[in-house]
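Chemist: Below: one structure in structure tokens.
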Amino acid sequence: MRLDIELFGTVFQNPVVLAAGTCGFGRELVDVLDLDALGGFVTKSVTLEARKGNPAPRVAEFRAGMVNSVGLANPGMEETRRDRLPWIRDNVRRARVFVSIAGHHVEEYHRLVEGLDAADGFVGFEVNLSCPNDLRRGGPPFALDPEAVRAIVSGCRARTERPLLAKLAPNDPSLATTARIAEEAGADGLTLVNTLPALLLGDLDGDPVLGAGPGGMSGPALLPVGVLAVHAARGATSLPLVGAGGVLAAADAVSYARAGASLVQVGTASFADPRAGIAIAEELRRWGRRQGVTRWTDLVPFERRT
Ligand SMILES: Cc1cc2nc3c(=O)[nH]c(=O)nc-3n(C[C@H](O)[C@H](O)[C@H](O)COP(=O)(O)O)c2cc1C
């Protein structure tokens with residue numbers, strides 16, 4: 001099966017992209033995988049100032065996945081511009097890179113786009129509207145506030161011509177509306193979904209396992225949640241969709257495609273095997289050959305099949 005896909009003004013050699021926060025800025029992984037075998041990757045979410053993140057422990061496994069509360073630990077905008085993006089520019093050739101941005105205030109997103117837009121090495125921005133682990137900001141993520149979504153995305157739109165992906169939340173009761181608002185505000189695509197708010201308690205003492213208490217759930221249990229979100233957004237907007245949540249194998253990527261996604265992201269699977277994303281792309285190729293599907297882009301949503 002041919003896996004290449006033209007999207008967001010560029011060509012992805014395959015549809016498998018490593019998810020934000022699970023691959024650093026790429027450089028962290030060069031000893032264990034060939035970044036240029038991927039469709040692309042999304043950087044850790046960058047904030048204006050460097051952040052240390054939440055108290056340890058920050059990640060814990062459970063039977064159906066993991067819960068994390070990393071809390072957007074990142075080097076901040078200046079260091080990203082001075083060090084991380086030049087490395088990507090000089091070392092990544094075929095993988096397509098999106099820079100994830102996050103903030104405590106609407107204006108923080110706008111300043112990040114202003115500050116990073118002129119740098120080289122990346123295709124576009126993924127606007128993280130849906131982090132459940134931002135202790136300092138508190139309250140629900142921006143993705144659950146339609147006016148915040150509109151203000152953040154439209155302000156980013158006004159400041160860059162690069163593709164903008166709006167990353168939305170899995171626990172949004174009005175996802176179709178949010179998707180439409182993001183589109184109206186100028187997003188070029190939607191990434192669905194971020195982690196789902198969750199709390200793991202210890203077996204014996206009943207205390208929270210993570211240092212911050214609650215966190216965001218990812219991994220296998222998130223797959224059907226993410227697939228439903230993509231399906232709901234597909235019915236609401238014609239924007240390209242990027243599926244994320246619980247992709248461990250080619251079949252999961254195909255589920256997202258059948259629900260209407262053009263690309264898929266792989267996050268938690270990379271913690272067990274950093275090459276998981278590459279293995280999934282290779283498995284997809286074989287799957288297509290076995291099924292007689294010649295192109296990834298021929299995988300139409302299940303509702304449109306005759
Ligand atoms: C340890 C960890 C850190 C993450 N950090 C970010 C982040 O900085 N920005 C973001 O938008 N999503 C972040 N995510 C969410 C992932 O990008 C992805 O949306 C989510 O984990 C679902 O995919 P998965 O089930 O394949 O992991 C993080 C996830 C994990 C597990």
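By order of appearance in the structure tokens: chains A, B, ..., then residues from 1 within every chain, and ligands from 1 in the order shown.
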Give me the residues of range 237-296 of chain A that have any atom at most 12 Å from an atom of range 58-61 of chain A; for each, the nearest atom pair and the distance in Å, rounded to one decimal. Use only C-alpha atoms, sort by chain and number, and format it as CSV.

Modeler:
residue,atom,partner,partner_atom,distance
A:Thr268,CA,A:Glu61,CA,10.2
A:Ala269,CA,A:Glu61,CA,11.9
A:Phe271,CA,A:Glu61,CA,10.7
A:Ala272,CA,A:Glu61,CA,10.9

Chemist: Which neighbours of Ser130 in chain A fall inside 9 Å, counting only C-alpha atoms, when residues of the same chain fewer than 5 positions from it are skipped, and could you give them as an MDAnalysis selection string?

Modeler: chainID A and resid 102 140:144 167:170 193:195

Chemist: Need the shell around Arg96 in chain A: protein/DNA/RNA residues with any atom at most 12 Å away, counting only C-alpha atoms. Skip same-chain ones fewer than 3 positions apart. Format as a VMD selection string?

Modeler: chain A and resid 4 to 18 26 35 to 43 88 to 89 91 to 93 99 121 to 125 163 263

Chemist: Let's have the selection written as a short mmCIF file (atom, residue, chain, number, x, y, z; two decimals), in the first residue's frame, with C-alpha atoms.

Modeler:
data_model
loop_
_atom_site.label_atom_id
_atom_site.label_comp_id
_atom_site.auth_asym_id
_atom_site.auth_seq_id
_atom_site.Cartn_x
_atom_site.Cartn_y
_atom_site.Cartn_z
CA ASP A 4 2.21 8.94 1.16
CA ILE A 5 -0.34 11.67 1.59
CA GLU A 6 -0.38 15.30 0.54
CA LEU A 7 -1.73 17.53 3.26
CA PHE A 8 -1.20 20.94 4.82
CA GLY A 9 0.82 22.08 1.81
CA THR A 10 3.37 19.29 2.14
CA VAL A 11 3.77 15.55 1.56
CA PHE A 12 3.89 13.10 4.45
CA GLN A 13 5.73 9.98 3.31
CA ASN A 14 3.47 7.96 5.59
CA PRO A 15 0.57 8.87 7.88
CA VAL A 16 2.26 8.00 11.19
CA VAL A 17 3.29 10.96 13.32
CA LEU A 18 4.69 10.82 16.86
CA GLY A 26 13.26 14.62 18.10
CA LEU A 35 13.23 10.01 12.63
CA ASP A 36 13.18 10.23 8.84
CA ALA A 37 11.32 6.93 8.60
CA LEU A 38 8.31 8.58 10.23
CA GLY A 39 5.57 10.59 8.60
CA GLY A 40 6.46 13.23 11.13
CA PHE A 41 6.45 14.22 14.76
CA VAL A 42 4.99 16.90 17.01
CA THR A 43 7.31 18.54 19.51
CA ILE A 88 15.48 19.94 13.65
CA ARG A 89 16.24 22.13 10.61
CA ASN A 91 18.92 17.01 11.03
CA VAL A 92 15.40 16.13 9.95
CA ARG A 93 14.83 15.74 6.23
CA VAL A 99 5.63 22.61 16.89
CA GLY A 121 12.65 23.40 10.41
CA PHE A 122 8.95 22.91 10.90
CA VAL A 123 5.80 22.80 8.83
CA GLY A 124 3.23 24.24 11.19
CA PHE A 125 1.85 24.61 14.68
CA PRO A 163 -0.78 25.25 8.83
CA LEU A 263 -3.01 11.07 9.72
#

Chemist: Write out as JSON lines the residues of chain A that have any atom within 7 Å of an atom of ligand 1, one row each with the nearest atom pair and its distance in Å to one decimal, counting only C-alpha atoms and all ligand atoms, sorted by chain and then rising number.

Modeler:
{"residue": "A:Ala19", "atom": "CA", "partner": "ligand 1", "partner_atom_place_in_ligand_line": "17 (O)", "distance": 4.1}
{"residue": "A:Ala20", "atom": "CA", "partner": "ligand 1", "partner_atom_place_in_ligand_line": "17 (O)", "distance": 3.9}
{"residue": "A:Gly21", "atom": "CA", "partner": "ligand 1", "partner_atom_place_in_ligand_line": "5 (N)", "distance": 3.3}
{"residue": "A:Thr22", "atom": "CA", "partner": "ligand 1", "partner_atom_place_in_ligand_line": "2 (C)", "distance": 5.4}
{"residue": "A:Lys44", "atom": "CA", "partner": "ligand 1", "partner_atom_place_in_ligand_line": "8 (O)", "distance": 4.5}
{"residue": "A:Ser45", "atom": "CA", "partner": "ligand 1", "partner_atom_place_in_ligand_line": "8 (O)", "distance": 4.0}
{"residue": "A:Val59", "atom": "CA", "partner": "ligand 1", "partner_atom_place_in_ligand_line": "1 (C)", "distance": 6.5}
{"residue": "A:Met66", "atom": "CA", "partner": "ligand 1", "partner_atom_place_in_ligand_line": "31 (C)", "distance": 6.9}
{"residue": "A:Val67", "atom": "CA", "partner": "ligand 1", "partner_atom_place_in_ligand_line": "31 (C)", "distance": 6.9}
{"residue": "A:Asn68", "atom": "CA", "partner": "ligand 1", "partner_atom_place_in_ligand_line": "1 (C)", "distance": 5.4}
{"residue": "A:Val70", "atom": "CA", "partner": "ligand 1", "partner_atom_place_in_ligand_line": "3 (C)", "distance": 6.0}
{"residue": "A:Leu72", "atom": "CA", "partner": "ligand 1", "partner_atom_place_in_ligand_line": "8 (O)", "distance": 5.1}
{"residue": "A:Ser100", "atom": "CA", "partner": "ligand 1", "partner_atom_place_in_ligand_line": "11 (O)", "distance": 6.5}
{"residue": "A:Asn128", "atom": "CA", "partner": "ligand 1", "partner_atom_place_in_ligand_line": "11 (O)", "distance": 4.7}
{"residue": "A:Ser130", "atom": "CA", "partner": "ligand 1", "partner_atom_place_in_ligand_line": "11 (O)", "distance": 6.8}
{"residue": "A:Cys131", "atom": "CA", "partner": "ligand 1", "partner_atom_place_in_ligand_line": "11 (O)", "distance": 6.2}
{"residue": "A:Lys167", "atom": "CA", "partner": "ligand 1", "partner_atom_place_in_ligand_line": "11 (O)", "distance": 6.6}
{"residue": "A:Val193", "atom": "CA", "partner": "ligand 1", "partner_atom_place_in_ligand_line": "19 (O)", "distance": 5.3}
{"residue": "A:Asn194", "atom": "CA", "partner": "ligand 1", "partner_atom_place_in_ligand_line": "19 (O)", "distance": 3.6}
{"residue": "A:Thr195", "atom": "CA", "partner": "ligand 1", "partner_atom_place_in_ligand_line": "20 (C)", "distance": 4.8}
{"residue": "A:Ser218", "atom": "CA", "partner": "ligand 1", "partner_atom_place_in_ligand_line": "25 (O)", "distance": 3.9}
{"residue": "A:Gly219", "atom": "CA", "partner": "ligand 1", "partner_atom_place_in_ligand_line": "25 (O)", "distance": 3.5}
{"residue": "A:Pro220", "atom": "CA", "partner": "ligand 1", "partner_atom_place_in_ligand_line": "25 (O)", "distance": 6.3}
{"residue": "A:Leu222", "atom": "CA", "partner": "ligand 1", "partner_atom_place_in_ligand_line": "25 (O)", "distance": 5.8}
{"residue": "A:Leu223", "atom": "CA", "partner": "ligand 1", "partner_atom_place_in_ligand_line": "25 (O)", "distance": 6.9}
{"residue": "A:Ala244", "atom": "CA", "partner": "ligand 1", "partner_atom_place_in_ligand_line": "23 (O)", "distance": 4.8}
{"residue": "A:Gly245", "atom": "CA", "partner": "ligand 1", "partner_atom_place_in_ligand_line": "25 (O)", "distance": 3.4}
{"residue": "A:Gly246", "atom": "CA", "partner": "ligand 1", "partner_atom_place_in_ligand_line": "25 (O)", "distance": 3.7}
{"residue": "A:Val247", "atom": "CA", "partner": "ligand 1", "partner_atom_place_in_ligand_line": "26 (O)", "distance": 5.1}
{"residue": "A:Gln265", "atom": "CA", "partner": "ligand 1", "partner_atom_place_in_ligand_line": "26 (O)", "distance": 6.3}
{"residue": "A:Val266", "atom": "CA", "partner": "ligand 1", "partner_atom_place_in_ligand_line": "26 (O)", "distance": 4.2}
{"residue": "A:Gly267", "atom": "CA", "partner": "ligand 1", "partner_atom_place_in_ligand_line": "26 (O)", "distance": 3.5}
{"residue": "A:Thr268", "atom": "CA", "partner": "ligand 1", "partner_atom_place_in_ligand_line": "27 (O)", "distance": 3.6}
{"residue": "A:Ala269", "atom": "CA", "partner": "ligand 1", "partner_atom_place_in_ligand_line": "26 (O)", "distance": 6.0}

Chemist: Export C-alpha atoms of the chosen residues as a short mmCIF file (atom, residue, chain, number, x, y, z; two decimals), in the first residue's frame?

Modeler:
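selection.cif was written with the following content:
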data_model
loop_
_atom_site.label_atom_id
_atom_site.label_comp_id
_atom_site.auth_asym_id
_atom_site.auth_seq_id
_atom_site.Cartn_x
_atom_site.Cartn_y
_atom_site.Cartn_z
CA ALA A 19 2.41 12.62 19.31
CA ALA A 20 3.30 15.77 21.27
CA GLY A 21 5.07 15.13 24.53
CA THR A 22 6.14 11.61 23.67
CA LYS A 44 6.70 18.71 23.23
CA SER A 45 4.30 21.60 23.89
CA VAL A 59 3.74 8.77 34.80
CA MET A 66 -1.00 4.98 31.39
CA VAL A 67 -1.77 8.17 33.28
CA ASN A 68 0.64 11.08 33.15
CA VAL A 70 4.10 15.79 33.21
CA LEU A 72 4.15 20.70 30.20
CA SER A 100 3.12 22.24 19.69
CA ASN A 128 -2.59 22.40 22.35
CA SER A 130 -6.57 20.45 25.72
CA CYS A 131 -3.86 19.67 28.25
CA LYS A 167 -5.75 19.84 19.36
CA VAL A 193 -7.63 13.63 21.02
CA ASN A 194 -5.49 14.68 23.95
CA THR A 195 -5.41 12.59 27.13
CA SER A 218 -3.56 7.60 27.30
CA GLY A 219 -2.90 4.27 25.62
CA PRO A 220 -5.19 1.40 24.57
CA LEU A 222 -8.26 5.81 24.72
CA LEU A 223 -8.59 4.22 21.26
CA ALA A 244 -4.61 10.26 18.34
CA GLY A 245 -5.23 7.95 21.25
CA GLY A 246 -4.34 4.32 21.72
CA VAL A 247 -2.68 3.63 18.38
CA GLN A 265 -0.40 10.00 15.99
CA VAL A 266 1.39 7.49 18.16
CA GLY A 267 2.21 8.41 21.76
CA THR A 268 2.08 5.91 24.60
CA ALA A 269 3.11 2.99 22.36
#

Chemist: Taking only range 68-208 of chain A into account, list the residues labelled alpha helix (DSSP H) by DSSP (computed from the backbone), as a PyMOL selection string.

Modeler: chain A and resi 76-79+85-91+106-116+146-159+175-184

Chemist: Just N, CA and C atoms for this one: save the residues we selected as a short mmCIF file (atom, residue, chain, number, x, y, z; two decimals), in the first residue's frame.

Modeler:
data_model
loop_
_atom_site.label_atom_id
_atom_site.label_comp_id
_atom_site.auth_asym_id
_atom_site.auth_seq_id
_atom_site.Cartn_x
_atom_site.Cartn_y
_atom_site.Cartn_z
N GLY A 76 10.85 26.24 27.04
CA GLY A 76 10.39 27.62 26.79
C GLY A 76 10.70 28.07 25.36
N MET A 77 10.10 29.20 25.00
CA MET A 77 10.18 29.65 23.60
C MET A 77 11.60 30.00 23.15
N GLU A 78 12.32 30.76 23.96
CA GLU A 78 13.64 31.24 23.51
C GLU A 78 14.59 30.09 23.24
N GLU A 79 14.61 29.15 24.16
CA GLU A 79 15.51 28.00 24.03
C GLU A 79 15.07 27.11 22.85
N LEU A 85 14.86 24.12 17.45
CA LEU A 85 14.43 24.20 16.05
C LEU A 85 15.61 24.18 15.08
N PRO A 86 16.74 24.84 15.38
CA PRO A 86 17.89 24.70 14.47
C PRO A 86 18.36 23.25 14.34
N TRP A 87 18.28 22.50 15.44
CA TRP A 87 18.67 21.08 15.35
C TRP A 87 17.73 20.35 14.40
N ILE A 88 16.45 20.60 14.54
CA ILE A 88 15.48 19.94 13.65
C ILE A 88 15.76 20.34 12.20
N ARG A 89 15.97 21.64 11.97
CA ARG A 89 16.24 22.13 10.61
C ARG A 89 17.44 21.42 10.00
N ASP A 90 18.47 21.20 10.80
CA ASP A 90 19.72 20.64 10.27
C ASP A 90 19.74 19.12 10.22
N ASN A 91 18.81 18.46 10.91
CA ASN A 91 18.92 17.01 11.03
C ASN A 91 17.72 16.21 10.55
N VAL A 106 -4.77 33.32 26.63
CA VAL A 106 -4.99 33.40 25.18
C VAL A 106 -3.77 34.05 24.51
N GLU A 107 -3.30 35.15 25.11
CA GLU A 107 -2.21 35.93 24.48
C GLU A 107 -0.91 35.15 24.43
N GLU A 108 -0.75 34.20 25.37
CA GLU A 108 0.52 33.43 25.37
C GLU A 108 0.65 32.64 24.06
N TYR A 109 -0.45 32.10 23.58
CA TYR A 109 -0.42 31.37 22.30
C TYR A 109 -0.02 32.32 21.17
N HIS A 110 -0.59 33.51 21.21
CA HIS A 110 -0.33 34.45 20.11
C HIS A 110 1.14 34.86 20.11
N ARG A 111 1.66 35.09 21.30
CA ARG A 111 3.08 35.49 21.37
C ARG A 111 4.00 34.36 20.95
N LEU A 112 3.59 33.13 21.24
CA LEU A 112 4.40 31.98 20.80
C LEU A 112 4.46 31.90 19.27
N VAL A 113 3.32 32.10 18.64
CA VAL A 113 3.32 32.06 17.17
C VAL A 113 4.18 33.20 16.62
N GLU A 114 4.02 34.38 17.19
CA GLU A 114 4.84 35.52 16.75
C GLU A 114 6.33 35.22 16.90
N GLY A 115 6.67 34.59 18.03
CA GLY A 115 8.08 34.37 18.33
C GLY A 115 8.71 33.23 17.56
N LEU A 116 7.91 32.26 17.15
CA LEU A 116 8.48 31.06 16.52
C LEU A 116 8.28 31.02 15.01
N PRO A 146 -15.66 27.44 24.30
CA PRO A 146 -15.74 27.80 22.87
C PRO A 146 -15.15 29.18 22.55
N GLU A 147 -15.38 30.14 23.45
CA GLU A 147 -14.86 31.49 23.14
C GLU A 147 -13.34 31.53 23.21
N ALA A 148 -12.78 30.74 24.13
CA ALA A 148 -11.31 30.66 24.21
C ALA A 148 -10.74 29.99 22.96
N VAL A 149 -11.43 28.96 22.49
CA VAL A 149 -10.97 28.28 21.26
C VAL A 149 -10.96 29.28 20.11
N ARG A 150 -12.04 30.04 20.01
CA ARG A 150 -12.14 31.02 18.92
C ARG A 150 -11.04 32.07 19.02
N ALA A 151 -10.85 32.59 20.24
CA ALA A 151 -9.87 33.67 20.42
C ALA A 151 -8.44 33.16 20.18
N ILE A 152 -8.13 32.00 20.69
CA ILE A 152 -6.76 31.48 20.53
C ILE A 152 -6.48 31.18 19.07
N VAL A 153 -7.38 30.43 18.44
CA VAL A 153 -7.10 30.01 17.06
C VAL A 153 -7.12 31.21 16.11
N SER A 154 -8.07 32.12 16.28
CA SER A 154 -8.12 33.24 15.32
C SER A 154 -6.90 34.14 15.49
N GLY A 155 -6.45 34.31 16.74
CA GLY A 155 -5.24 35.12 16.95
C GLY A 155 -4.00 34.45 16.37
N CYS A 156 -3.91 33.15 16.50
CA CYS A 156 -2.77 32.43 15.89
C CYS A 156 -2.85 32.56 14.37
N ARG A 157 -4.07 32.40 13.85
CA ARG A 157 -4.28 32.48 12.39
C ARG A 157 -3.78 33.83 11.84
N ALA A 158 -4.06 34.89 12.59
CA ALA A 158 -3.70 36.23 12.13
C ALA A 158 -2.18 36.42 12.11
N ARG A 159 -1.45 35.54 12.80
CA ARG A 159 -0.01 35.74 12.97
C ARG A 159 0.85 34.78 12.17
N LEU A 175 -18.28 18.39 21.04
CA LEU A 175 -17.11 18.33 20.16
C LEU A 175 -17.40 18.83 18.75
N ALA A 176 -18.59 18.50 18.23
CA ALA A 176 -18.92 18.93 16.88
C ALA A 176 -18.92 20.46 16.80
N THR A 177 -19.47 21.11 17.82
CA THR A 177 -19.49 22.57 17.85
C THR A 177 -18.08 23.12 17.96
N THR A 178 -17.28 22.55 18.85
CA THR A 178 -15.90 23.01 19.01
C THR A 178 -15.12 22.87 17.70
N ALA A 179 -15.35 21.77 17.03
CA ALA A 179 -14.66 21.54 15.75
C ALA A 179 -15.03 22.63 14.74
N ARG A 180 -16.31 22.97 14.71
CA ARG A 180 -16.75 24.01 13.77
C ARG A 180 -16.18 25.38 14.14
N ILE A 181 -16.12 25.63 15.44
CA ILE A 181 -15.56 26.92 15.89
C ILE A 181 -14.08 27.01 15.50
N ALA A 182 -13.36 25.93 15.71
CA ALA A 182 -11.93 25.93 15.34
C ALA A 182 -11.77 26.17 13.85
N GLU A 183 -12.65 25.56 13.07
CA GLU A 183 -12.59 25.75 11.61
C GLU A 183 -12.89 27.21 11.25
N GLU A 184 -13.95 27.74 11.80
CA GLU A 184 -14.31 29.15 11.52
C GLU A 184 -13.18 30.10 11.91
#

Chemist: Check which residues of range 164-277 of chain A sit at most 10 Å from range 53-56 of chain A using only C-alpha atoms, and return one row each with the closest pair of atoms and their distance in Å to one decimal, ordered by chain and rising number, as CSV.

Modeler:
residue,atom,partner,partner_atom,distance
A:Val209,CA,A:Ala56,CA,9.6
A:Leu210,CA,A:Ala56,CA,6.7
A:Gly211,CA,A:Ala56,CA,4.9
A:Ala212,CA,A:Pro55,CA,5.8
A:Gly213,CA,A:Pro55,CA,9.4

Chemist: Separation of CA of His105 in chain A and CA of Ala50 in chain A, in Å?

Modeler: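 CA of Ala50 in chain A lies at a distance of 15.2 Å from CA of His105 in chain A.
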
Chemist: Give the strand (DSSP E) residues of range 32-171 of chain A, as assigned by DSSP on the backbone, as a ChimeraX atom specification.

Modeler: /A:40-42,59-62,65-68,96-101,124-128,164-168

Chemist: Output the selection as a PDB file, in the first residue's frame - N, CA and C atoms for each residue.

Modeler:
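Done, and the output landed in part-v3.pdb:
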ATOM      1  N   GLY A  40       6.082  11.979  10.477  1.00  0.00           N
ATOM      2  CA  GLY A  40       6.465  13.233  11.135  1.00  0.00           C
ATOM      3  C   GLY A  40       6.436  13.092  12.633  1.00  0.00           C
ATOM      4  N   PHE A  41       6.627  14.211  13.310  1.00  0.00           N
ATOM      5  CA  PHE A  41       6.453  14.224  14.761  1.00  0.00           C
ATOM      6  C   PHE A  41       6.020  15.614  15.203  1.00  0.00           C
ATOM      7  N   VAL A  42       5.408  15.640  16.384  1.00  0.00           N
ATOM      8  CA  VAL A  42       4.991  16.896  17.006  1.00  0.00           C
ATOM      9  C   VAL A  42       5.879  17.086  18.228  1.00  0.00           C
ATOM     10  N   VAL A  59       4.417   9.749  35.667  1.00  0.00           N
ATOM     11  CA  VAL A  59       3.739   8.769  34.804  1.00  0.00           C
ATOM     12  C   VAL A  59       3.540   7.473  35.579  1.00  0.00           C
ATOM     13  N   ALA A  60       2.438   6.814  35.306  1.00  0.00           N
ATOM     14  CA  ALA A  60       2.191   5.509  35.925  1.00  0.00           C
ATOM     15  C   ALA A  60       1.372   4.673  34.944  1.00  0.00           C
ATOM     16  N   GLU A  61       1.648   3.376  34.966  1.00  0.00           N
ATOM     17  CA  GLU A  61       0.896   2.475  34.086  1.00  0.00           C
ATOM     18  C   GLU A  61      -0.278   1.869  34.824  1.00  0.00           C
ATOM     19  N   PHE A  62      -1.295   1.518  34.088  1.00  0.00           N
ATOM     20  CA  PHE A  62      -2.346   0.658  34.634  1.00  0.00           C
ATOM     21  C   PHE A  62      -2.695  -0.340  33.534  1.00  0.00           C
ATOM     22  N   GLY A  65      -3.438   1.140  29.961  1.00  0.00           N
ATOM     23  CA  GLY A  65      -2.700   2.284  29.417  1.00  0.00           C
ATOM     24  C   GLY A  65      -1.854   2.953  30.466  1.00  0.00           C
ATOM     25  N   MET A  66      -1.763   4.261  30.380  1.00  0.00           N
ATOM     26  CA  MET A  66      -0.998   4.984  31.392  1.00  0.00           C
ATOM     27  C   MET A  66      -1.694   6.311  31.730  1.00  0.00           C
ATOM     28  N   VAL A  67      -1.291   6.852  32.876  1.00  0.00           N
ATOM     29  CA  VAL A  67      -1.770   8.172  33.276  1.00  0.00           C
ATOM     30  C   VAL A  67      -0.531   9.018  33.502  1.00  0.00           C
ATOM     31  N   ASN A  68      -0.520  10.228  32.949  1.00  0.00           N
ATOM     32  CA  ASN A  68       0.641  11.084  33.152  1.00  0.00           C
ATOM     33  C   ASN A  68       0.198  12.449  33.654  1.00  0.00           C
ATOM     34  N   ARG A  96       7.913  15.279   8.752  1.00  0.00           N
ATOM     35  CA  ARG A  96       7.294  16.613   8.816  1.00  0.00           C
ATOM     36  C   ARG A  96       7.027  16.964  10.274  1.00  0.00           C
ATOM     37  N   VAL A  97       7.471  18.147  10.665  1.00  0.00           N
ATOM     38  CA  VAL A  97       7.465  18.496  12.088  1.00  0.00           C
ATOM     39  C   VAL A  97       6.436  19.590  12.367  1.00  0.00           C
ATOM     40  N   PHE A  98       5.654  19.365  13.396  1.00  0.00           N
ATOM     41  CA  PHE A  98       4.771  20.414  13.913  1.00  0.00           C
ATOM     42  C   PHE A  98       5.280  20.824  15.292  1.00  0.00           C
ATOM     43  N   VAL A  99       5.261  22.111  15.562  1.00  0.00           N
ATOM     44  CA  VAL A  99       5.626  22.608  16.887  1.00  0.00           C
ATOM     45  C   VAL A  99       4.338  22.787  17.683  1.00  0.00           C
ATOM     46  N   SER A 100       4.288  22.102  18.823  1.00  0.00           N
ATOM     47  CA  SER A 100       3.116  22.242  19.690  1.00  0.00           C
ATOM     48  C   SER A 100       3.307  23.447  20.606  1.00  0.00           C
ATOM     49  N   ILE A 101       2.258  24.236  20.732  1.00  0.00           N
ATOM     50  CA  ILE A 101       2.327  25.403  21.629  1.00  0.00           C
ATOM     51  C   ILE A 101       1.199  25.314  22.661  1.00  0.00           C
ATOM     52  N   GLY A 124       4.334  23.450  10.633  1.00  0.00           N
ATOM     53  CA  GLY A 124       3.234  24.236  11.192  1.00  0.00           C
ATOM     54  C   GLY A 124       3.144  24.096  12.689  1.00  0.00           C
ATOM     55  N   PHE A 125       2.063  24.635  13.227  1.00  0.00           N
ATOM     56  CA  PHE A 125       1.852  24.609  14.678  1.00  0.00           C
ATOM     57  C   PHE A 125       0.703  23.661  15.020  1.00  0.00           C
ATOM     58  N   GLU A 126       0.885  22.936  16.119  1.00  0.00           N
ATOM     59  CA  GLU A 126      -0.248  22.242  16.720  1.00  0.00           C
ATOM     60  C   GLU A 126      -0.582  23.009  17.994  1.00  0.00           C
ATOM     61  N   VAL A 127      -1.786  23.533  18.045  1.00  0.00           N
ATOM     62  CA  VAL A 127      -2.200  24.392  19.146  1.00  0.00           C
ATOM     63  C   VAL A 127      -2.843  23.508  20.209  1.00  0.00           C
ATOM     64  N   ASN A 128      -2.110  23.294  21.288  1.00  0.00           N
ATOM     65  CA  ASN A 128      -2.589  22.402  22.347  1.00  0.00           C
ATOM     66  C   ASN A 128      -3.584  23.147  23.219  1.00  0.00           C
ATOM     67  N   LEU A 164      -2.158  25.323  10.785  1.00  0.00           N
ATOM     68  CA  LEU A 164      -2.481  25.303  12.219  1.00  0.00           C
ATOM     69  C   LEU A 164      -3.381  24.108  12.513  1.00  0.00           C
ATOM     70  N   LEU A 165      -2.923  23.263  13.422  1.00  0.00           N
ATOM     71  CA  LEU A 165      -3.777  22.170  13.899  1.00  0.00           C
ATOM     72  C   LEU A 165      -4.281  22.542  15.283  1.00  0.00           C
ATOM     73  N   ALA A 166      -5.578  22.427  15.501  1.00  0.00           N
ATOM     74  CA  ALA A 166      -6.126  22.661  16.842  1.00  0.00           C
ATOM     75  C   ALA A 166      -6.306  21.306  17.506  1.00  0.00           C
ATOM     76  N   LYS A 167      -5.663  21.141  18.675  1.00  0.00           N
ATOM     77  CA  LYS A 167      -5.753  19.844  19.355  1.00  0.00           C
ATOM     78  C   LYS A 167      -6.837  19.902  20.416  1.00  0.00           C
ATOM     79  N   LEU A 168      -7.846  19.046  20.248  1.00  0.00           N
ATOM     80  CA  LEU A 168      -9.047  19.121  21.074  1.00  0.00           C
ATOM     81  C   LEU A 168      -9.088  18.006  22.112  1.00  0.00           C
TER      82      LEU A 168
END
